[in-house]
$ cat final34.cif   # mmCIF, C-alpha atoms and all ligand atoms
data_start
loop_
_atom_site.label_atom_id
_atom_site.label_comp_id
_atom_site.auth_asym_id
_atom_site.auth_seq_id
_atom_site.Cartn_x
_atom_site.Cartn_y
_atom_site.Cartn_z
CA ARG U 12 18.02 -15.64 -44.29
CA SER U 13 16.12 -14.95 -41.14
CA LEU U 14 17.73 -15.30 -37.72
CA ALA U 15 17.90 -18.83 -36.38
CA SER U 16 14.93 -19.63 -34.27
CA PRO U 17 15.76 -21.00 -30.83
CA LEU U 18 13.42 -23.85 -31.67
CA GLU U 19 15.23 -24.77 -34.93
CA ASN U 20 16.61 -28.00 -33.49
CA VAL U 21 13.25 -29.26 -32.42
CA SER U 22 12.27 -31.47 -35.26
CA PRO U 23 8.55 -32.21 -35.34
CA GLY U 24 7.71 -35.87 -35.26
CA SER U 25 11.09 -36.65 -33.69
CA PHE U 26 12.13 -36.21 -30.04
CA PRO U 27 12.83 -32.71 -28.74
CA LEU U 28 16.42 -31.92 -27.78
CA VAL U 29 15.34 -28.87 -25.88
CA ARG U 30 13.01 -29.78 -23.05
CA PRO U 31 12.04 -26.80 -20.88
CA ARG U 32 10.29 -29.26 -18.58
CA ARG U 33 13.60 -30.80 -17.38
CA VAL U 34 14.20 -28.04 -14.84
CA ARG U 35 10.62 -28.19 -13.61
CA GLN U 36 10.69 -31.82 -12.53
CA ALA U 37 11.55 -31.42 -8.84
CA ASN U 38 10.94 -28.95 -6.08
CA TRP U 39 14.70 -28.41 -5.67
CA SER U 40 15.31 -27.70 -9.36
CA ARG U 41 12.33 -25.38 -9.57
CA ARG U 42 13.78 -23.46 -6.63
CA LEU U 43 17.19 -23.42 -8.27
CA VAL U 44 15.94 -21.74 -11.47
CA ALA U 45 13.39 -19.39 -9.87
CA GLU U 46 13.83 -15.87 -11.28
CA THR U 47 11.93 -14.04 -8.55
CA ARG U 48 11.17 -14.77 -4.94
CA LEU U 49 8.59 -13.64 -2.45
CA SER U 50 9.85 -13.18 1.07
CA VAL U 51 8.48 -11.79 4.30
CA ASP U 52 10.89 -8.89 3.74
CA ASP U 53 8.65 -7.73 0.89
CA LEU U 54 5.58 -7.16 3.04
CA ILE U 55 3.95 -4.07 4.53
CA TRP U 56 0.85 -4.78 6.62
CA PRO U 57 -1.93 -2.13 6.59
CA ILE U 58 -3.91 -1.97 9.86
CA PHE U 59 -7.05 0.00 10.76
CA VAL U 60 -7.11 1.66 14.16
CA VAL U 61 -10.16 2.59 16.23
CA GLU U 62 -10.67 4.37 19.60
CA GLY U 63 -11.18 2.39 22.80
CA GLU U 64 -9.56 -0.49 24.55
CA ASN U 65 -9.63 -4.18 23.66
CA GLN U 66 -11.82 -3.36 20.65
CA ARG U 67 -11.97 -5.44 17.47
CA VAL U 68 -14.51 -4.25 14.95
CA PRO U 69 -14.89 -6.46 11.86
CA VAL U 70 -14.95 -4.72 8.47
CA ALA U 71 -17.89 -6.37 6.66
CA SER U 72 -16.52 -5.96 3.14
CA MET U 73 -13.05 -7.24 4.16
CA PRO U 74 -13.55 -10.66 5.78
CA GLY U 75 -10.80 -11.36 8.31
CA VAL U 76 -9.86 -7.68 8.68
CA GLU U 77 -10.76 -5.82 11.89
CA ARG U 78 -10.35 -2.31 13.14
CA LEU U 79 -8.16 -2.56 16.23
CA SER U 80 -7.96 -0.32 19.29
CA VAL U 81 -4.48 1.04 20.06
CA ASP U 82 -3.65 -1.69 22.61
CA LEU U 83 -4.49 -4.38 20.05
CA ALA U 84 -2.60 -2.51 17.34
CA VAL U 85 0.45 -2.74 19.61
CA ALA U 86 -0.20 -6.49 19.94
CA ALA U 87 -0.42 -6.70 16.13
CA ALA U 88 2.93 -4.89 15.91
CA HIS U 89 4.45 -7.52 18.21
CA GLU U 90 2.95 -10.27 16.05
CA ALA U 91 4.26 -8.64 12.86
CA THR U 92 7.74 -8.29 14.36
CA GLU U 93 7.79 -11.95 15.39
CA LEU U 94 6.79 -12.92 11.86
CA GLY U 95 9.55 -10.73 10.42
CA ILE U 96 7.26 -8.27 8.62
CA PRO U 97 9.36 -5.10 8.09
CA ALA U 98 6.64 -2.44 8.36
CA LEU U 99 3.06 -1.58 9.29
CA ALA U 100 0.84 1.05 7.68
CA LEU U 101 -1.70 2.55 10.10
CA PHE U 102 -5.06 4.02 9.04
CA PRO U 103 -7.55 5.62 11.42
CA TYR U 104 -11.27 5.13 11.74
CA THR U 105 -12.01 8.67 12.89
CA ASP U 106 -15.02 9.35 15.11
CA PRO U 107 -17.61 10.94 12.77
CA ALA U 108 -18.04 13.81 15.25
CA LEU U 109 -14.40 14.80 14.65
CA ARG U 110 -14.73 15.00 10.86
CA ARG U 111 -14.85 18.63 9.74
CA ASP U 112 -14.68 20.64 6.55
CA ASP U 113 -11.21 21.86 7.54
CA ALA U 114 -9.98 18.35 8.54
CA ARG U 115 -8.50 19.82 11.73
CA GLU U 116 -8.25 16.41 13.47
CA ALA U 117 -5.59 15.50 10.86
CA PHE U 118 -3.16 17.86 12.56
CA ASN U 119 -4.11 17.17 16.14
CA PRO U 120 -0.88 15.76 17.63
CA ASP U 121 -3.01 13.43 19.79
CA ASN U 122 -5.15 12.02 17.01
CA LEU U 123 -5.68 8.29 16.74
CA VAL U 124 -2.82 7.42 14.36
CA CYS U 125 -0.39 9.59 16.32
CA LYS U 126 -1.42 7.85 19.56
CA ALA U 127 -1.07 4.43 17.92
CA THR U 128 2.32 5.39 16.48
CA ARG U 129 3.62 6.52 19.86
CA ALA U 130 2.30 3.39 21.56
CA ILE U 131 4.03 1.12 19.03
CA ARG U 132 7.21 3.21 19.25
CA GLU U 133 7.23 2.73 23.03
CA ALA U 134 7.27 -1.05 22.56
CA ASN U 135 10.68 -0.52 20.93
CA LEU U 136 10.23 -3.07 18.14
CA ASN U 137 12.30 -3.62 15.03
CA ILE U 138 9.47 -2.51 12.74
CA GLY U 139 8.79 0.53 10.57
CA ILE U 140 5.62 2.62 10.80
CA VAL U 141 4.06 4.08 7.65
CA LEU U 142 1.38 6.77 7.95
CA ASP U 143 -0.87 8.00 5.16
CA VAL U 144 -0.78 11.73 4.51
CA ALA U 145 -4.25 12.60 3.18
CA LEU U 146 -7.30 14.28 4.64
CA ASP U 147 -10.05 11.78 3.77
CA PRO U 148 -10.38 10.13 7.21
CA TYR U 149 -10.81 13.63 8.69
CA THR U 150 -13.03 15.59 6.29
CA SER U 151 -16.81 15.77 6.63
CA HIS U 152 -17.10 15.21 2.86
CA GLY U 153 -14.65 12.30 2.62
CA HIS U 154 -12.30 13.94 0.11
CA ASP U 155 -8.51 13.84 0.41
CA GLY U 156 -8.32 17.61 0.09
CA LEU U 157 -10.13 20.76 1.20
CA LEU U 158 -13.30 21.54 -0.67
CA ILE U 159 -13.53 25.25 -1.51
CA GLU U 160 -16.34 26.56 -3.72
CA GLY U 161 -17.09 23.07 -4.96
CA ARG U 162 -13.51 22.24 -5.96
CA ILE U 163 -10.68 20.40 -4.23
CA ALA U 164 -8.32 23.32 -3.63
CA ASN U 165 -4.76 22.19 -4.30
CA ASP U 166 -2.60 24.78 -2.56
CA GLU U 167 -4.81 25.22 0.50
CA THR U 168 -4.75 21.44 0.86
CA LEU U 169 -0.93 21.47 0.73
CA GLU U 170 -0.84 23.64 3.85
CA ALA U 171 -3.06 21.16 5.69
CA LEU U 172 -1.01 18.19 4.48
CA VAL U 173 2.21 19.78 5.69
CA LYS U 174 0.68 20.30 9.16
CA GLN U 175 -0.53 16.69 9.15
CA ALA U 176 2.88 15.39 8.06
CA MET U 177 4.63 17.32 10.83
CA VAL U 178 2.49 15.88 13.66
CA GLN U 179 2.99 12.41 12.21
CA ALA U 180 6.77 12.82 12.01
CA GLU U 181 6.74 14.20 15.55
CA ALA U 182 4.77 11.13 16.74
CA GLY U 183 7.51 8.91 15.36
CA ALA U 184 6.37 7.77 11.91
CA ASP U 185 9.32 6.42 9.93
CA ILE U 186 7.72 6.69 6.51
CA LEU U 187 5.17 9.27 5.43
CA ALA U 188 3.01 8.14 2.54
CA PRO U 189 1.20 11.02 0.81
CA SER U 190 -1.86 9.41 -0.79
CA ASP U 191 -3.79 12.55 -1.68
CA MET U 192 -2.48 13.19 -5.25
CA MET U 193 -2.32 16.99 -4.87
CA ASP U 194 0.28 18.67 -7.10
CA GLY U 195 3.48 19.56 -5.26
CA ARG U 196 2.70 17.70 -2.02
CA VAL U 197 5.93 15.74 -1.85
CA GLY U 198 8.06 18.87 -2.27
CA ALA U 199 6.02 20.80 0.29
CA ILE U 200 6.26 17.99 2.86
CA ARG U 201 9.95 17.36 2.17
CA ARG U 202 10.82 21.06 2.64
CA ALA U 203 8.89 21.19 5.92
CA LEU U 204 10.56 18.02 7.21
CA GLU U 205 14.02 19.37 6.39
CA ALA U 206 13.26 22.73 8.00
CA GLY U 207 11.72 21.06 11.06
CA GLY U 208 14.67 18.80 11.75
CA TYR U 209 13.13 15.56 10.44
CA ARG U 210 15.79 14.86 7.85
CA ASP U 211 15.60 11.09 8.18
CA THR U 212 11.85 10.73 7.75
CA MET U 213 11.27 8.78 4.56
CA ILE U 214 8.59 9.58 2.01
CA MET U 215 6.85 6.80 0.10
CA SER U 216 4.60 8.65 -2.28
CA TYR U 217 1.49 7.17 -3.76
CA ALA U 218 2.91 8.44 -7.04
CA ALA U 219 0.60 6.68 -9.45
CA LYS U 220 -2.69 6.44 -7.67
CA TYR U 221 -5.69 5.83 -9.86
CA ALA U 222 -9.31 6.90 -9.30
CA SER U 223 -10.38 3.33 -8.74
CA ALA U 224 -13.49 1.39 -7.83
CA PHE U 225 -11.22 -1.07 -6.00
CA TYR U 226 -10.97 1.20 -2.92
CA GLY U 227 -14.60 0.66 -1.86
CA PRO U 228 -13.98 -1.68 1.11
CA PHE U 229 -11.20 0.58 2.46
CA ARG U 230 -13.63 3.46 2.57
CA ASP U 231 -15.95 1.24 4.63
CA ALA U 232 -13.03 0.46 6.95
CA VAL U 233 -12.12 4.11 7.58
CA GLY U 234 -15.77 5.17 7.51
CA SER U 235 -15.57 7.54 4.56
CA SER U 236 -17.78 5.70 2.06
CA SER U 237 -21.02 7.10 3.44
CA THR U 238 -19.58 10.60 3.72
CA LEU U 239 -17.87 10.80 0.32
CA LYS U 240 -19.58 13.27 -1.97
CA GLY U 241 -18.90 12.70 -5.64
CA ASP U 242 -15.71 10.97 -6.75
CA LYS U 243 -11.96 11.62 -6.70
CA ARG U 244 -11.36 11.95 -10.44
CA THR U 245 -10.13 15.55 -10.33
CA TYR U 246 -7.06 14.46 -8.37
CA GLN U 247 -6.58 10.69 -8.67
CA MET U 248 -5.44 9.39 -12.08
CA ASP U 249 -7.53 8.16 -14.98
CA ALA U 250 -7.30 4.39 -15.50
CA ALA U 251 -6.67 5.03 -19.21
CA ASN U 252 -3.19 6.52 -18.68
CA THR U 253 0.35 5.17 -18.48
CA ASP U 254 2.76 7.97 -19.53
CA GLU U 255 1.13 10.24 -16.98
CA ALA U 256 2.01 7.74 -14.25
CA LEU U 257 5.66 7.98 -15.25
CA ARG U 258 5.58 11.77 -15.10
CA GLU U 259 3.91 11.67 -11.67
CA ALA U 260 6.48 9.23 -10.30
CA ALA U 261 9.43 11.16 -11.77
CA LEU U 262 8.10 14.38 -10.24
CA ASP U 263 7.71 12.82 -6.80
CA LEU U 264 11.28 11.50 -6.88
CA ALA U 265 12.53 14.93 -7.97
CA GLU U 266 10.57 16.51 -5.09
CA GLY U 267 12.30 14.28 -2.55
CA ALA U 268 10.36 11.00 -2.35
CA ASP U 269 12.53 8.04 -1.33
CA MET U 270 10.13 5.37 -2.56
CA ILE U 271 7.17 5.35 -4.87
CA MET U 272 4.00 3.34 -4.99
CA VAL U 273 1.54 2.17 -7.60
CA LYS U 274 -2.06 1.66 -6.61
CA PRO U 275 -4.23 -0.41 -7.13
CA GLY U 276 -2.02 -3.45 -7.63
CA MET U 277 -3.03 -6.41 -9.76
CA PRO U 278 -4.97 -4.53 -12.45
CA TYR U 279 -2.00 -2.12 -12.80
CA LEU U 280 0.98 -4.46 -13.12
CA ASP U 281 1.89 -2.81 -16.43
CA ILE U 282 2.28 0.53 -14.67
CA LEU U 283 4.35 -1.05 -11.92
CA GLN U 284 6.64 -2.70 -14.44
CA ARG U 285 7.18 0.47 -16.46
CA ILE U 286 7.84 2.66 -13.45
CA SER U 287 10.24 0.22 -11.82
CA GLN U 288 12.15 -0.34 -15.07
CA ASP U 289 12.31 3.28 -16.21
CA LEU U 290 12.98 5.01 -12.91
CA ARG U 291 15.03 2.39 -11.02
CA ALA U 292 13.81 3.61 -7.62
CA PRO U 293 12.29 1.47 -4.85
CA THR U 294 8.78 0.88 -6.16
CA TYR U 295 5.92 -0.63 -4.16
CA ALA U 296 2.52 -1.98 -5.07
CA TYR U 297 -0.62 -1.70 -2.97
CA GLN U 298 -2.83 -4.77 -3.24
CA VAL U 299 -5.86 -2.73 -2.26
CA SER U 300 -8.99 -3.51 -0.28
CA GLY U 301 -11.08 -4.44 -3.34
CA GLU U 302 -8.46 -6.94 -4.50
CA TYR U 303 -8.41 -8.42 -1.01
CA ALA U 304 -12.22 -8.58 -0.95
CA MET U 305 -12.36 -10.32 -4.35
CA LEU U 306 -9.83 -12.95 -3.39
CA MET U 307 -11.41 -13.52 0.03
CA ALA U 308 -14.89 -13.89 -1.45
CA ALA U 309 -13.67 -16.67 -3.76
CA ILE U 310 -11.52 -18.27 -1.05
CA GLN U 311 -14.40 -18.32 1.44
CA ASN U 312 -16.64 -19.95 -1.15
CA GLY U 313 -14.06 -22.64 -1.69
CA TRP U 314 -13.65 -21.50 -5.30
CA LEU U 315 -9.95 -20.70 -4.94
CA ASP U 316 -7.23 -22.32 -2.84
CA GLY U 317 -6.37 -19.49 -0.44
CA ASP U 318 -2.80 -20.31 0.49
CA ARG U 319 -1.77 -20.84 -3.11
CA VAL U 320 -3.66 -17.99 -4.76
CA VAL U 321 -2.49 -15.37 -2.27
CA VAL U 322 1.20 -16.25 -2.65
CA GLU U 323 0.78 -16.36 -6.44
CA SER U 324 -0.90 -12.94 -6.48
CA LEU U 325 2.01 -11.45 -4.52
CA LEU U 326 4.69 -13.16 -6.61
CA ALA U 327 3.15 -11.43 -9.64
CA PHE U 328 4.08 -8.07 -8.08
CA LYS U 329 7.68 -9.20 -7.62
CA ARG U 330 7.84 -10.40 -11.22
CA ALA U 331 6.60 -7.00 -12.39
CA GLY U 332 9.43 -5.32 -10.47
CA ALA U 333 8.02 -4.42 -7.05
CA SER U 334 10.44 -3.88 -4.18
CA GLY U 335 7.60 -4.72 -1.83
CA ILE U 336 3.84 -4.97 -1.43
CA LEU U 337 1.29 -3.45 0.90
CA THR U 338 -1.19 -6.24 1.52
CA TYR U 339 -3.87 -7.14 4.04
CA PHE U 340 -2.68 -10.73 3.59
CA ALA U 341 0.74 -9.89 5.12
CA PRO U 342 0.48 -11.98 8.34
CA ARG U 343 -1.19 -14.89 6.54
CA VAL U 344 1.50 -14.92 3.85
CA ALA U 345 4.31 -14.53 6.37
CA ARG U 346 3.01 -17.67 8.11
CA GLU U 347 2.51 -19.50 4.84
CA LEU U 348 6.07 -18.71 3.69
CA ARG U 349 7.47 -19.79 7.05
CA ASP U 350 5.53 -23.07 6.93
CA ARG U 351 6.73 -23.78 3.39
CA ALA U 352 10.33 -23.12 4.38
CA THR U 353 10.15 -25.50 7.34
CA GLY U 354 8.41 -28.10 5.18
C1 LIG R 401 -6.71 7.57 1.30
C2 LIG R 401 -6.40 6.18 0.88
C3 LIG R 401 -7.20 5.28 0.19
C4 LIG R 401 -6.51 4.08 0.17
C5 LIG R 401 -5.29 4.28 0.81
N1 LIG R 401 -5.24 5.60 1.23
C6 LIG R 401 -8.58 5.42 -0.36
C7 LIG R 401 -8.89 6.45 -1.34
O1 LIG R 401 -8.01 7.11 -1.92
O2 LIG R 401 -10.08 6.67 -1.54
C8 LIG R 401 -7.04 2.80 -0.41
C9 LIG R 401 -6.47 1.54 0.16
C10 LIG R 401 -7.27 0.33 -0.14
O3 LIG R 401 -8.27 0.37 -0.89
O4 LIG R 401 -6.90 -0.72 0.40
N2 LIG R 401 -6.34 8.59 0.48
#

$ encode --input "final34.cif" --output "structure tokens"
Amino acid sequence: RSLASPLENVSPGSFPLVRPRRVRQANWSRRLVAETRLSVDDLIWPIFVVEGENQRVPVASMPGVERLSVDLAVAAAHEATELGIPALALFPYTDPALRRDDAREAFNPDNLVCKATRAIREANLNIGIVLDVALDPYTSHGHDGLLIEGRIANDETLEALVKQAMVQAEAGADILAPSDMMDGRVGAIRRALEAGGYRDTMIMSYAAKYASAFYGPFRDAVGSSSTLKGDKRTYQMDAANTDEALREAALDLAEGADMIMVKPGMPYLDILQRISQDLRAPTYAYQVSGEYAMLMAAIQNGWLDGDRVVVESLLAFKRAGASGILTYFAPRVARELRDRATG
């Protein structure tokens, strides 16, 4: 005899005894049985920073997203704090004249993200600052690493990344987020932080970062799409792979990462679920620029209901096991969640 089916009592043609719809009938009962929740505490807001004062430069492929000068980035940090968003991720639009083959602006202690970090720190807010460790906003060729004899040179890049990480820690970044996908970067950065007295600086590694077409609008925002020569497939992961993502994430944790990230987000929920279940470490998802652009295009056309679809897209990350989500929708969602809570 086979095992009893849970539906055995439901006799066709008669009335069902088991009615899954009972608990769905009211807002209060739906809330009571909800298995996952989305809260403002889950959000990290990525912001693009540009030189100047009182500057807002729209990013064409990301409607509603602007590059902000440092003073306005500080204002955004105040806004985020008031909304209860726990952390910001800052990305620089680097002046093209400062982009070099050796990415030297990445380790200038007065570069744009370091200035923005210090300015936000001075405001003394209850908010974390995440900085990307990768060379792409600083290289003349738009790659995340140093290009030597036509190849992205792993170990030479590590030296540059360590220098970059140290100026960022010095500027006051709370979380360093290596997004370059070089081998051994987390260990190299962690060792340098320990030796340099930055024992409390957290590392959120972009552990499973795929070579994805969904990053296009981001590269517009940081100004690397026109400079990028070739693609990033010799260092970012192949979309065909899952086991490899687990090995990458396990390695980064062993090398001293405190948190790991999966990127892109929605098309990679399977990866997020496997990593969060197998490794039981704080795991984040990045709802990347292309996902934002897709949703915004449909929302602006009136094809999708913005408030509902955005919250639903983020709840999907929670269901898959995310501890939190980097999303350009962070302030919009924080407001939406607050409005729902107050009726
Ligand atoms: C840089 C970096 C990228 C993103 C975050 N950090 C782009 C890339 O790797 O080409 C993408 C974020 C997004 O698309 O929103 N290494």

$ residues_near_ligand --input "final34.cif" --ligand "ligand LIG 401 (chain R)" --cutoff "7 Å" --atoms "all atoms listed in the file" --output "list in words"
Asp143, Ala145, Asp147, Asp155, Ser190, Asp191, Phe225, Tyr226, Gly227, Pro228, Phe229, Arg230, Gln298, Val299, Ser300 and Gly301 of chain U

$ closest_atom_pairs --input "final34.cif" --of "range 105-124 of chain U" --to "range 174-187 of chain U" --cutoff "7 Å" --atoms "only C-alpha atoms" --output "tab-separated table"
residue	atom	partner	partner_atom	distance
U:Ala117	CA	U:Gln175	CA	5.5
U:Phe118	CA	U:Gln175	CA	4.5
U:Pro120	CA	U:Val178	CA	5.2

$ closest_atom_pairs --input "final34.cif" --of "range 76-145 of chain U" --to "range 51-54 of chain U" --cutoff "8 Å" --atoms "only C-alpha atoms" --output "Markdown table"
| residue | atom | partner | partner_atom | distance |
| --- | --- | --- | --- | --- |
| U:Leu94 | CA | U:Val51 | CA | 7.8 |
| U:Gly95 | CA | U:Val51 | CA | 6.3 |
| U:Ile96 | CA | U:Val51 | CA | 5.7 |
| U:Pro97 | CA | U:Asp52 | CA | 6.0 |
| U:Ala98 | CA | U:Leu54 | CA | 7.2 |

$ residues_near_point --input "final34.cif" --point "(-15.9, 6.6, 1.5)" --cutoff "9 Å" --atoms "all atoms listed in the file" --output "number ranges by chain"
U: 147-148, 152-154, 226-240

$ atom_distance --input "final34.cif" --atom1 "CA of Glu62 in chain U" --atom2 "CA of Ala108 in chain U"
12.7 Å

$ atom_distance --input "final34.cif" --atom1 "CA of Asp318 in chain U" --atom2 "CA of Ala345 in chain U"
10.9 Å

$ closest_residue --input "final34.cif" --among "U:Ala171, U:Ala164, U:Leu337, U:Leu315" --to "Tyr149 in chain U" --atoms "all atoms listed in the file"
U:Ala171

$ closest_residue --input "final34.cif" --among "U:Ala256, U:Val61, U:Ala341, U:Leu348" --to "Thr92 in chain U" --atoms "only C-alpha atoms"
U:Ala341

$ atom_distance --input "final34.cif" --atom1 "CA of Ser287 in chain U" --atom2 "CA of Ser334 in chain U"
8.7 Å

$ closest_residue --input "final34.cif" --among "U:Tyr104, U:Thr212, U:Ser223, U:Pro342" --to "Ala87 in chain U" --atoms "all atoms listed in the file"
U:Pro342

$ residues_near_point --input "final34.cif" --point "(-12.2, -7.2, 16.7)" --cutoff "9 Å" --atoms "all atoms listed in the file" --output "NGL selection string"
:U and (65-69 or 76-80 or 83)

$ decode --input "final34.cif" --residues "range 33-115 of chain U" --atoms "C-alpha atoms" --output "tab-separated table (two decimals), in the first residue's frame"
chain	number	residue	atom	x	y	z
U	33	ARG	CA	-9.91	29.18	4.82
U	34	VAL	CA	-6.74	30.88	6.04
U	35	ARG	CA	-6.63	33.17	3.03
U	36	GLN	CA	-10.00	34.81	3.60
U	37	ALA	CA	-8.94	37.91	5.54
U	38	ASN	CA	-6.00	40.24	5.69
U	39	TRP	CA	-5.42	39.35	9.37
U	40	SER	CA	-5.42	35.59	8.77
U	41	ARG	CA	-3.14	35.91	5.77
U	42	ARG	CA	-0.73	37.86	7.96
U	43	LEU	CA	-1.02	35.26	10.69
U	44	VAL	CA	0.05	32.37	8.44
U	45	ALA	CA	2.68	34.24	6.39
U	46	GLU	CA	5.88	32.15	6.21
U	47	THR	CA	8.19	34.97	5.16
U	48	ARG	CA	8.15	38.71	5.58
U	49	LEU	CA	9.75	41.63	3.85
U	50	SER	CA	10.83	44.45	6.11
U	51	VAL	CA	12.80	47.64	5.74
U	52	ASP	CA	15.53	45.85	7.71
U	53	ASP	CA	16.17	43.68	4.65
U	54	LEU	CA	17.16	46.55	2.37
U	55	ILE	CA	20.48	47.90	1.14
U	56	TRP	CA	20.19	50.94	-1.14
U	57	PRO	CA	22.82	51.31	-3.92
U	58	ILE	CA	23.60	54.95	-4.80
U	59	PHE	CA	25.74	56.42	-7.60
U	60	VAL	CA	27.99	59.32	-6.68
U	61	VAL	CA	29.32	62.04	-8.98
U	62	GLU	CA	31.69	65.03	-8.51
U	63	GLY	CA	30.34	68.52	-7.92
U	64	GLU	CA	27.81	70.17	-5.71
U	65	ASN	CA	24.02	70.01	-5.87
U	66	GLN	CA	24.30	67.73	-8.92
U	67	ARG	CA	21.67	65.19	-9.93
U	68	VAL	CA	22.41	63.41	-13.19
U	69	PRO	CA	19.67	61.04	-14.39
U	70	VAL	CA	20.76	57.58	-15.58
U	71	ALA	CA	18.83	57.11	-18.85
U	72	SER	CA	18.58	53.32	-18.65
U	73	MET	CA	17.47	53.42	-14.99
U	74	PRO	CA	14.41	55.70	-14.80
U	75	GLY	CA	14.16	57.32	-11.37
U	76	VAL	CA	17.84	56.72	-10.53
U	77	GLU	CA	20.26	59.67	-10.49
U	78	ARG	CA	23.94	60.09	-9.89
U	79	LEU	CA	24.24	62.33	-6.84
U	80	SER	CA	27.00	64.72	-5.82
U	81	VAL	CA	28.44	64.12	-2.33
U	82	ASP	CA	26.22	66.72	-0.63
U	83	LEU	CA	23.11	65.07	-2.08
U	84	ALA	CA	24.43	61.62	-1.22
U	85	VAL	CA	24.59	62.83	2.39
U	86	ALA	CA	20.97	64.01	2.05
U	87	ALA	CA	20.07	60.56	0.68
U	88	ALA	CA	21.77	58.98	3.71
U	89	HIS	CA	19.59	61.13	5.99
U	90	GLU	CA	16.51	60.07	4.03
U	91	ALA	CA	17.52	56.39	4.21
U	92	THR	CA	18.10	56.65	7.96
U	93	GLU	CA	14.69	58.24	8.50
U	94	LEU	CA	13.09	55.43	6.51
U	95	GLY	CA	14.96	52.84	8.59
U	96	ILE	CA	17.07	51.43	5.74
U	97	PRO	CA	20.07	49.72	7.42
U	98	ALA	CA	22.76	50.35	4.79
U	99	LEU	CA	23.81	52.18	1.64
U	100	ALA	CA	26.12	50.90	-1.10
U	101	LEU	CA	28.07	53.68	-2.84
U	102	PHE	CA	29.35	53.49	-6.43
U	103	PRO	CA	31.39	56.20	-8.13
U	104	TYR	CA	31.00	57.74	-11.54
U	105	THR	CA	34.70	58.42	-12.06
U	106	ASP	CA	35.80	61.31	-14.27
U	107	PRO	CA	36.96	59.65	-17.53
U	108	ALA	CA	40.25	61.59	-17.31
U	109	LEU	CA	41.07	59.71	-14.08
U	110	ARG	CA	40.58	56.24	-15.58
U	111	ARG	CA	43.94	54.59	-16.21
U	112	ASP	CA	45.33	51.20	-17.13
U	113	ASP	CA	46.67	50.83	-13.58
U	114	ALA	CA	43.40	52.01	-11.93
U	115	ARG	CA	45.41	54.26	-9.62
